>>> print(open('run_12.cif').read())   # mmCIF, C-alpha atoms
data_input
#
loop_
_atom_site.label_atom_id
_atom_site.label_comp_id
_atom_site.auth_asym_id
_atom_site.auth_seq_id
_atom_site.Cartn_x
_atom_site.Cartn_y
_atom_site.Cartn_z
CA MET A 1 127.62 153.61 113.70
CA PRO A 2 128.83 153.48 110.07
CA SER A 3 132.39 152.40 109.30
CA ALA A 4 135.02 154.89 108.18
CA GLN A 5 134.43 153.71 104.62
CA THR A 6 130.78 154.77 104.71
CA VAL A 7 131.11 157.96 106.72
CA ALA A 8 132.27 160.41 104.08
CA ARG A 9 129.47 161.49 101.77
CA VAL A 10 129.54 164.91 100.23
CA LEU A 11 127.00 167.38 98.90
CA GLY A 12 128.62 170.04 96.74
CA LEU A 13 127.53 173.65 97.08
CA THR A 14 128.35 176.64 94.93
CA ALA A 15 128.05 179.91 96.75
CA LEU A 16 127.21 183.47 96.22
CA THR A 17 124.63 183.53 94.64
CA LEU A 18 125.12 181.03 97.36
CA PHE A 19 124.30 177.43 96.50
CA ALA A 20 123.65 175.66 93.24
CA THR A 21 123.37 172.07 91.98
CA VAL A 22 123.57 169.53 94.81
CA PRO A 23 123.49 165.85 93.99
CA ARG A 24 121.74 163.59 96.49
CA ALA A 25 124.48 161.84 98.47
CA SER A 26 124.04 158.34 99.85
CA ALA A 27 126.09 155.93 101.91
CA ALA A 28 126.66 152.22 101.37
CA THR A 29 124.64 151.58 104.55
CA GLY A 30 121.57 153.17 102.96
CA TRP A 31 121.31 156.61 104.54
CA SER A 32 121.20 159.65 102.30
CA LEU A 33 121.55 163.42 102.44
CA ALA A 34 119.48 165.93 100.43
CA PRO A 35 118.04 169.44 100.68
CA ALA A 36 114.96 169.44 102.92
CA GLY A 37 111.53 170.44 101.70
CA GLY A 38 109.67 169.40 98.63
CA GLY A 39 112.26 167.39 96.69
CA ARG A 40 114.49 170.33 95.81
CA PRO A 41 117.47 169.23 93.72
CA SER A 42 119.77 171.92 95.12
CA PHE A 43 120.44 174.64 97.67
CA TYR A 44 120.17 178.20 96.44
CA ALA A 45 120.31 181.43 98.39
CA GLU A 46 121.73 184.88 98.04
CA GLY A 47 122.42 187.69 100.42
CA ALA A 48 124.44 190.82 100.99
CA PRO A 49 127.95 190.47 102.44
CA GLY A 50 127.69 189.79 106.18
CA SER A 51 124.24 188.18 105.87
CA VAL A 52 123.49 184.96 107.73
CA LEU A 53 121.42 182.65 105.52
CA GLN A 54 119.47 179.63 106.76
CA ASP A 55 118.47 176.32 105.17
CA THR A 56 117.89 172.70 106.19
CA VAL A 57 119.40 169.39 105.10
CA SER A 58 117.58 166.05 105.49
CA VAL A 59 119.37 162.90 106.58
CA ALA A 60 117.21 159.89 105.65
CA ASN A 61 117.69 156.40 107.06
CA PRO A 62 115.49 153.81 105.32
CA GLY A 63 117.51 150.98 106.89
CA GLY A 64 116.62 148.73 109.81
CA HIS A 65 119.22 150.11 112.24
CA PRO A 66 119.86 153.62 113.60
CA VAL A 67 122.80 155.56 112.16
CA THR A 68 124.83 158.46 113.50
CA VAL A 69 125.95 160.98 110.90
CA ARG A 70 128.42 163.80 111.51
CA LEU A 71 127.87 166.97 109.50
CA SER A 72 130.34 169.69 108.62
CA GLY A 73 130.74 172.44 106.06
CA THR A 74 133.80 173.37 104.09
CA GLY A 75 134.53 175.78 101.32
CA ALA A 76 136.33 178.81 100.01
CA GLY A 77 135.68 181.15 102.90
CA VAL A 78 132.01 180.22 103.35
CA PRO A 79 131.38 179.43 107.04
CA VAL A 80 128.71 176.74 107.51
CA THR A 81 127.28 176.04 110.98
CA PHE A 82 124.88 173.17 111.74
CA ALA A 83 122.30 173.27 114.54
CA ASP A 84 123.54 169.78 115.45
CA PRO A 85 126.84 168.63 113.89
CA SER A 86 126.17 164.99 114.89
CA VAL A 87 122.72 163.53 114.37
CA ARG A 88 121.42 160.07 115.29
CA VAL A 89 118.71 158.96 112.87
CA PRO A 90 116.49 156.06 113.99
CA ALA A 91 115.67 153.26 111.54
CA ARG A 92 113.12 154.07 108.82
CA THR A 93 112.97 157.81 109.54
CA ARG A 94 114.73 161.05 108.72
CA ALA A 95 116.20 164.01 110.56
CA ASP A 96 116.01 167.57 109.26
CA VAL A 97 119.03 169.57 110.41
CA PRO A 98 119.02 173.38 110.08
CA PHE A 99 122.25 175.12 109.13
CA THR A 100 123.43 178.65 108.52
CA VAL A 101 125.89 180.10 106.05
CA THR A 102 127.50 183.48 106.62
CA VAL A 103 128.15 185.50 103.46
CA PRO A 104 131.74 186.73 103.72
CA THR A 105 132.36 190.46 103.84
CA GLY A 106 133.35 191.69 100.39
CA ALA A 107 131.93 188.66 98.58
CA ALA A 108 130.60 189.23 95.08
CA PRO A 109 127.69 187.17 93.66
CA GLY A 110 128.88 183.75 92.50
CA ASP A 111 132.46 184.03 93.74
CA ARG A 112 132.34 181.53 96.65
CA SER A 113 131.69 177.81 96.93
CA GLY A 114 131.24 175.37 99.75
CA THR A 115 130.50 171.74 100.50
CA LEU A 116 128.33 169.94 103.03
CA VAL A 117 130.11 166.82 104.29
CA ALA A 118 128.44 163.91 106.11
#
>>> encode(input="run_12.cif", output="structure tokens")
Amino acid sequence: MPSAQTVARVLGLTALTLFATVPRASAATGWSLAPAGGGRPSFYAEGAPGSVLQDTVSVANPGGHPVTVRLSGTGAGVPVTFADPSVRVPARTRADVPFTVTVPTGAAPGDRSGTLVA
């Protein structure tokens, strides 16, 4: 399990038009977090107020030991829910974790932001 110093890694999200530029986050122990599927540099989605939008984040562990990563979402009124908020990733593999974001009622395009935290 990573130390407290290596636990906090953040992917920034800008919401509604929901997500924009997301840098790849990595920990000192070697694991990293990035949007799943085809090397996308960012998350992007849009939906009407009240919509539940889905995407997937990849947690990669190129190291020689398993790691456990806790995932959460924060932001300005943008609820983020992970299929599994704590994921154990074996050595030299990756875990793809689905998540949903609920577009707040009354939200206008581009007026919300959020962050994925690992």
>>> residues_around(input="run_12.cif", residues="A:Pro98", least_positions_apart="3", cutoff="10 Å", atoms="all atoms listed in the file", output="VMD selection string")
chain A and resid 36 54 to 58 81 to 85 95
>>> resolve_selection(input="run_12.cif", expression="the PyMOL selection byres ((chain A and resi 86-94) around 12)", output="PyMOL selection string")
chain A and resi 1-2+7+29-34+36+57-72+81-85+95-98+117-118
>>> atom_distance(input="run_12.cif", atom1="atom CA of A:Pro104", atom2="atom CA of A:Pro35")
22.3 Å
>>> atom_distance(input="run_12.cif", atom1="atom CA of A:Gly110", atom2="atom CA of A:Ala45")
10.7 Å
>>> closest_residue(input="run_12.cif", among="A:Leu53, A:Val80, A:Ala48, A:Gly73", to="A:Ala107", atoms="all atoms listed in the file")
A:Ala48
>>> atom_distance(input="run_12.cif", atom1="atom CA of A:Gly114", atom2="atom CA of A:Gly50")
16.2 Å
>>> resolve_selection(input="run_12.cif", expression="the PyMOL selection byres ((chain A and resi 106) around 12)", output="PyMOL selection string")
chain A and resi 16+47-51+77-78+102-105+107-109+111-112
>>> axis_aligned_box(input="run_12.cif", around="stretch 43-56 of chain A", padding_each_side="3 Å", output="JSON")
{"center_x": 122.9, "center_y": 181.8, "center_z": 102.1, "size_x": 16.1, "size_y": 24.1, "size_z": 17.3}
